[in-house]
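Visitor: Sharing run.cif (mmCIF, C-alpha atoms) below.
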```cif
data_query
loop_
_atom_site.label_atom_id
_atom_site.label_comp_id
_atom_site.auth_asym_id
_atom_site.auth_seq_id
_atom_site.Cartn_x
_atom_site.Cartn_y
_atom_site.Cartn_z
CA MET A 1483 74.98 -1.93 209.21
CA ASN A 1484 73.30 -2.69 212.55
CA LEU A 1485 69.67 -2.44 213.55
CA THR A 1486 70.24 0.65 215.75
CA PHE A 1487 71.64 2.55 212.79
CA ILE A 1488 68.67 1.61 210.62
CA LYS A 1489 66.23 2.76 213.31
CA ARG A 1490 68.04 6.07 213.73
CA SER A 1491 68.07 6.60 209.98
CA ILE A 1492 64.34 5.97 209.77
CA VAL A 1493 63.67 8.42 212.61
CA ILE A 1494 65.81 11.13 211.02
CA PHE A 1495 64.38 10.60 207.55
CA THR A 1496 60.84 10.72 208.94
CA GLY A 1497 61.74 13.95 210.71
CA ILE A 1498 62.95 15.45 207.44
CA LEU A 1499 59.68 14.58 205.73
CA LEU A 1500 57.64 16.05 208.57
CA VAL A 1501 59.62 19.27 208.83
CA THR A 1502 59.96 19.96 205.12
CA SER A 1503 56.23 19.36 204.73
CA CYS A 1504 55.67 22.60 206.66
CA LYS A 1505 54.25 24.68 203.85
CA GLU A 1506 52.75 28.11 203.61
CA TYR A 1507 50.44 29.27 200.86
CA GLN A 1508 50.07 32.63 199.16
CA PHE A 1509 46.77 33.54 197.51
CA ALA A 1510 46.64 36.39 195.00
CA THR A 1511 43.59 38.11 193.52
CA VAL A 1512 43.81 39.27 189.88
CA ILE A 1513 41.56 42.05 188.58
CA SER A 1514 41.31 44.31 185.52
CA ASP A 1515 39.40 47.37 184.36
CA THR A 1516 36.62 44.99 183.31
CA TYR A 1517 36.50 43.07 186.59
CA ARG A 1518 33.02 42.06 187.78
CA PRO A 1519 33.12 41.72 191.59
CA GLU A 1520 29.67 40.12 191.77
CA ILE A 1521 30.99 37.00 189.99
CA HIS A 1522 34.72 37.41 190.78
CA GLU A 1523 35.65 37.28 187.10
CA ASN A 1524 37.38 39.46 184.53
CA VAL A 1525 35.02 39.72 181.56
CA ILE A 1526 35.29 41.48 178.19
CA GLU A 1527 32.03 41.59 176.26
CA ASN A 1528 30.73 43.23 173.10
CA ASP A 1529 28.46 42.31 170.17
CA THR A 1530 31.07 39.86 168.84
CA VAL A 1531 32.51 37.93 171.78
CA LEU A 1532 32.30 37.21 175.47
CA ILE A 1533 35.82 36.69 176.85
CA ARG A 1534 36.37 35.45 180.40
CA TYR A 1535 39.76 35.27 182.11
CA LEU A 1536 40.16 32.79 184.98
CA PHE A 1537 43.28 32.38 187.13
CA LEU A 1538 42.29 29.62 189.55
CA GLY A 1539 45.09 27.17 190.35
CA GLU A 1540 48.77 27.11 191.22
CA ASN A 1541 51.34 29.53 189.75
CA CYS A 1542 48.72 31.73 188.04
CA PRO A 1543 47.45 29.61 185.15
CA ILE A 1544 45.65 31.76 182.58
CA THR A 1545 42.44 30.17 181.36
CA VAL A 1546 40.85 32.07 178.47
CA SER A 1547 37.22 31.31 177.69
CA ILE A 1548 35.91 32.81 174.44
CA PHE A 1549 32.26 32.64 173.39
CA ASN A 1550 31.26 33.52 169.82
CA LYS A 1551 28.10 35.67 169.78
CA LEU A 1552 27.98 36.00 165.99
CA LYS A 1553 26.05 33.94 163.44
CA GLN A 1554 29.29 33.08 161.66
CA PRO A 1555 32.48 31.31 162.82
CA LEU A 1556 35.32 33.00 164.67
CA TYR A 1557 39.01 32.06 164.66
CA VAL A 1558 41.63 32.67 167.35
CA ASP A 1559 45.31 32.62 166.36
CA TRP A 1560 47.09 31.63 169.58
CA SER A 1561 50.50 31.90 167.92
CA LYS A 1562 49.79 35.62 167.44
CA SER A 1563 48.37 36.01 170.96
CA SER A 1564 50.57 36.66 173.97
CA VAL A 1565 50.90 37.51 177.62
CA ILE A 1566 53.15 40.51 178.23
CA ILE A 1567 54.92 40.65 181.60
CA ASN A 1568 57.26 43.58 182.25
CA SER A 1569 57.44 44.22 178.48
CA GLU A 1570 58.47 40.60 177.86
CA LYS A 1571 56.26 38.61 175.47
CA ARG A 1572 55.22 35.03 176.17
CA SER A 1573 53.24 33.41 173.39
CA TYR A 1574 50.04 31.56 174.22
CA TRP A 1575 51.04 28.84 171.75
CA VAL A 1576 54.33 26.91 171.75
CA ASP A 1577 55.20 24.36 169.09
CA GLU A 1578 55.68 21.45 171.46
CA ALA A 1579 53.74 18.49 172.76
CA LYS A 1580 53.33 17.20 176.30
CA ILE A 1581 53.15 13.53 177.20
CA ASN A 1582 50.72 12.35 179.86
CA SER A 1583 51.29 8.76 180.92
CA THR A 1584 50.27 6.29 183.59
CA SER A 1585 51.81 2.95 184.44
CA ARG A 1586 50.61 -0.20 186.15
CA GLU A 1587 52.65 -3.02 187.58
CA LEU A 1588 51.52 -6.47 188.77
CA SER A 1589 53.67 -8.97 190.65
CA TYR A 1590 53.06 -12.68 191.15
CA GLN A 1591 54.97 -14.65 193.80
CA TYR A 1592 55.07 -18.33 192.88
CA THR A 1593 57.49 -19.47 195.56
CA LYS A 1594 59.77 -17.76 198.06
CA SER A 1595 62.47 -17.47 195.42
CA ILE A 1596 60.49 -17.23 192.15
CA SER A 1597 58.32 -14.29 191.15
CA THR A 1598 57.22 -12.54 187.98
CA THR A 1599 56.44 -8.87 187.41
CA TYR A 1600 54.30 -7.53 184.56
CA GLY A 1601 54.11 -3.87 183.67
CA ASN A 1602 52.34 -1.73 181.11
CA MET A 1603 52.13 1.95 180.36
CA HIS A 1604 49.38 4.02 178.76
CA GLY A 1605 49.90 7.55 177.58
CA SER A 1606 48.76 10.31 175.29
CA ILE A 1607 50.47 13.16 173.51
CA ILE A 1608 48.77 16.51 174.04
CA LYS A 1609 49.44 19.61 171.97
CA ASN A 1610 47.51 22.86 172.14
CA GLU A 1611 45.94 23.91 168.87
CA LYS A 1612 47.53 26.81 167.05
CA ILE A 1613 44.27 28.20 165.70
CA SER A 1614 40.92 27.65 167.37
CA PHE A 1615 37.76 27.41 165.32
CA ILE A 1616 34.69 28.66 167.20
CA PRO A 1617 31.27 27.94 165.62
CA PRO A 1618 28.40 30.43 165.99
CA ASN A 1619 26.93 30.55 169.50
CA ALA A 1620 29.66 28.29 170.84
CA GLY A 1621 32.84 28.71 172.83
CA VAL A 1622 36.37 27.47 173.43
CA VAL A 1623 38.37 27.18 176.66
CA TYR A 1624 42.17 27.46 176.46
CA THR A 1625 44.71 27.09 179.31
CA PRO A 1626 48.16 27.46 177.77
CA ILE A 1627 50.61 28.74 180.40
CA GLN A 1628 51.36 29.56 184.02
CA ILE A 1629 52.92 32.97 184.50
CA GLN A 1630 53.89 33.21 188.19
CA PRO A 1631 55.80 30.15 189.44
CA ASN A 1632 57.54 32.05 192.25
CA TRP A 1633 56.45 33.42 195.59
CA ILE A 1634 55.52 37.12 195.26
CA GLU A 1635 57.55 39.38 197.53
CA VAL A 1636 55.06 41.63 199.27
CA GLY A 1637 57.29 44.30 200.79
CA SER A 1638 59.85 45.09 203.45
CA ASP A 1639 60.06 43.55 206.91
CA GLU A 1640 58.61 46.75 208.39
CA TYR A 1641 55.37 46.24 206.47
CA THR A 1642 53.68 43.06 207.61
CA GLY A 1643 50.28 43.75 206.11
CA GLU A 1644 46.89 43.52 207.75
CA LYS A 1645 46.07 40.68 210.13
CA VAL A 1646 43.05 38.82 208.82
CA LYS A 1647 40.98 35.78 209.71
CA ILE A 1648 40.48 33.21 206.97
CA ALA A 1649 37.57 30.77 206.93
CA THR A 1650 38.48 27.12 206.36
CA GLU A 1651 36.60 23.84 206.64
CA TYR A 1652 38.33 23.31 209.99
CA GLY A 1653 37.52 26.74 211.38
CA VAL A 1654 39.09 30.19 211.23
CA VAL A 1655 42.88 30.59 210.78
CA LYS A 1656 45.06 33.70 210.89
CA GLY A 1657 46.83 35.25 207.95
CA ASN A 1658 48.44 38.42 206.58
CA ALA A 1659 46.77 40.40 203.80
CA PHE A 1660 48.18 43.07 201.48
CA THR A 1661 46.15 45.26 199.15
CA TYR A 1662 47.38 47.15 196.08
CA ASN A 1663 46.14 49.57 193.50
CA LYS A 1664 47.06 49.44 189.82
CA SER A 1665 50.24 51.51 190.21
CA GLN A 1666 51.54 49.79 193.35
CA THR A 1667 50.89 46.15 192.46
CA PRO A 1668 53.82 43.68 192.62
CA LEU A 1669 52.53 41.87 189.52
CA ASN A 1670 50.88 43.28 186.42
CA PHE A 1671 50.58 41.89 182.91
CA ARG A 1672 48.65 42.22 179.66
CA SER A 1673 46.83 39.70 177.52
CA PHE A 1674 46.84 40.26 173.76
CA LEU A 1675 44.47 38.18 171.61
CA THR A 1676 44.20 37.99 167.82
CA ILE A 1677 40.71 37.04 166.59
CA SER A 1678 39.18 37.06 163.11
CA THR A 1679 35.96 36.19 161.29
CA ASP A 1680 37.95 34.56 158.47
CA GLU A 1681 40.53 31.80 158.67
CA GLN A 1682 43.11 33.79 156.70
CA PHE A 1683 43.00 36.63 159.28
CA THR A 1684 42.78 39.29 156.57
CA LYS A 1685 40.96 41.62 158.97
CA PRO A 1686 42.03 40.63 162.48
CA ILE A 1687 40.43 41.99 165.63
CA TYR A 1688 42.74 42.68 168.57
CA TYR A 1689 41.91 42.54 172.26
CA ASP A 1690 44.54 44.02 174.57
CA ASN A 1691 43.65 43.94 178.27
CA ALA A 1692 45.66 44.78 181.39
CA PHE A 1693 45.55 42.83 184.67
CA TRP A 1694 47.11 43.31 188.09
CA VAL A 1695 47.21 41.68 191.51
CA SER A 1696 45.01 43.67 193.87
CA GLU A 1697 45.30 41.55 197.01
CA ILE A 1698 47.62 38.94 198.49
CA PHE A 1699 47.15 36.96 201.65
CA SER A 1700 49.28 34.19 203.09
CA THR A 1701 48.33 31.33 205.39
CA LYS A 1702 49.31 27.79 206.31
CA ALA A 1703 45.89 26.53 205.26
CA LYS A 1704 45.91 24.49 202.05
CA PRO A 1705 43.86 25.64 199.03
CA GLU A 1706 41.45 22.71 199.36
CA GLU A 1707 40.81 23.68 203.00
CA LEU A 1708 39.67 27.25 202.30
CA SER A 1709 35.94 27.89 202.35
CA ASN A 1710 36.04 30.45 199.53
CA ILE A 1711 38.32 30.33 196.49
CA PHE A 1712 37.30 32.46 193.54
CA PRO A 1713 37.99 32.14 189.78
CA ASN A 1714 40.28 35.18 189.83
CA GLN A 1715 42.55 33.81 192.60
CA PHE A 1716 45.70 31.77 192.19
CA HIS A 1717 48.12 30.42 194.78
CA ASN A 1718 51.82 29.77 195.27
CA THR A 1719 53.51 27.43 197.75
CA ARG A 1720 56.80 27.42 199.63
CA THR A 1721 58.40 25.67 202.58
CA THR A 1722 58.48 27.80 205.72
CA LYS A 1723 61.81 29.16 206.96
CA ALA A 1724 61.63 26.87 209.98
CA GLY A 1725 61.01 23.91 207.70
CA VAL A 1726 64.01 24.77 205.54
CA PHE A 1727 66.29 25.24 208.57
CA PHE A 1728 65.35 22.13 210.50
CA GLY A 1729 65.17 20.10 207.32
CA GLY A 1730 68.80 21.01 206.66
CA VAL A 1731 69.76 20.12 210.23
CA LEU A 1732 68.09 16.71 210.01
CA LEU A 1733 69.62 16.04 206.61
CA GLY A 1734 73.05 16.84 208.03
CA ALA A 1735 72.38 14.49 210.92
CA LEU A 1736 71.46 11.72 208.50
CA VAL A 1737 74.65 12.20 206.49
CA LEU A 1738 76.73 12.19 209.69
CA THR A 1739 75.01 8.98 210.79
CA TRP A 1740 75.90 7.29 207.51
CA ILE A 1741 79.55 8.45 207.77
CA LEU A 1742 79.90 7.16 211.32
CA ALA A 1743 78.31 3.84 210.37
CA ALA A 1744 80.71 3.42 207.47
CA ASN A 1745 83.74 3.89 209.74
#
```
Would you write out, as structure tokens, the structure that this file holds?
Guide:
Amino acid sequence: MNLTFIKRSIVIFTGILLVTSCKEYQFATVISDTYRPEIHENVIENDTVLIRYLFLGENCPITVSIFNKLKQPLYVDWSKSSVIINSEKRSYWVDEAKINSTSRELSYQYTKSISTTYGNMHGSIIKNEKISFIPPNAGVVYTPIQIQPNWIEVGSDEYTGEKVKIATEYGVVKGNAFTYNKSQTPLNFRSFLTISTDEQFTKPIYYDNAFWVSEIFSTKAKPEELSNIFPNQFHNTRTTKAGVFFGGVLLGALVLTWILAAN
């Protein structure tokens, strides 16, 4: 394998990384019948609880914040609480644990030919609680699932949406925006919670609330670059069509280079 081949491979591989890094971002706004536009949050409140739904992050993570307004404890059974998407139930609680780990490696070079490498790993096992205990005048925050991992299709090619200008930390960028009402939205779902004032749930209280996407805009600006991101907005990411095409071309060129070098 000669030096020219190595240089060409590096150039092609770098090109692949640059092209496939061409991303576009889709930002969706989620509202409900209890949406409060002054704080950009979906809030359910009565004499018993204050429930806030937040959707900030990638792939529509549902963060449920529940504050107990009573003078006695409250209990939330997450195994009997669900998100319902297109009549399909997804439980807030799954009987599984996630492992978060980090590793560190140190190398010591004694001579040109002798070296030693030491490594260690630290981790923790995380599992969401099945039943949350909420003391009086206290709250719990629960982020169990992400419900929209895919890019939302916004309509036909004839409908390109409204051209908008989006404020970022680097200035104003262009984007396309689409607005929807409750009956036209491309994504709607319900959240069903089971809450009780006793741990045995002999007299459960149910909260069933509907949500829908009211606005979608797309841009090449990254989420951290936008000047305004609200608690009821989530985002999705995908590689642009140009990035996919040219990435495939460059990958093919790299494979061809390897074949020619081998012969």
Visitor: I'd like the interatomic distance between atom CA of Ala1620 of chain A and atom CA of Ile1521 of chain A, to a tenth of an Å.
Guide: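 Atom CA of Ala1620 of chain A sits 21.1 Å away from atom CA of Ile1521 of chain A.
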Visitor: Neighbouring residues of Pro1631 of chain A were defined as those with any atom within 12 Å, considering all atoms listed in the file; residues of the same chain fewer than 2 positions away were excluded. Please report them as a PyMOL selection string.
Guide: chain A and resi 1508+1539-1543+1627-1629+1633-1634+1716-1720
Visitor: Output the residue selection produced by the PyMOL selection byres ((chain A and resi 1659) around 8) on the file above, formatted as an NGL selection string.
Guide: :A and (1643-1646 or 1657-1658 or 1660-1661 or 1697-1700)
Visitor: For Tyr1652 of chain A, work out the shell of residues within 12 Å, counting all atoms listed in the file and skipping chain neighbours fewer than 5 positions away, then give it as a list in words.
Guide: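 Once the nearby chain positions are removed, what remains is Ala1703, Lys1704, Glu1706, Glu1707, Leu1708 and Ser1709 of chain A.
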Visitor: Would you write out, as a list in words, every residue that the PyMOL selection byres ((chain A and resi 1683) around 12) captures in this file?
Guide: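 So the PyMOL selection byres ((chain A and resi 1683) around 12) ends up selecting Leu1556, Tyr1557, Val1558, Asp1559, Lys1562, Ile1613, Thr1676, Ile1677, Ser1678, Thr1679, Asp1680, Glu1681, Gln1682, Thr1684, Lys1685, Pro1686, Ile1687 and Tyr1688 of chain A.
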Visitor: Provide the atom CA of Val1565 of chain A to atom CA of Tyr1507 of chain A distance in Å, to one decimal place.
Guide: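 We find that atom CA of Val1565 of chain A and atom CA of Tyr1507 of chain A lie 24.7 Å from each other.
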Visitor: Here is a test: counting only C-alpha atoms, which residue of A:Phe1537, A:Phe1671, A:Phe1549, A:Tyr1689 is nearest to Thr1511 of chain A?
Guide: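 Between A:Phe1537, A:Phe1671, A:Phe1549, A:Tyr1689, the residue approaching Thr1511 of chain A most closely is A:Phe1537.
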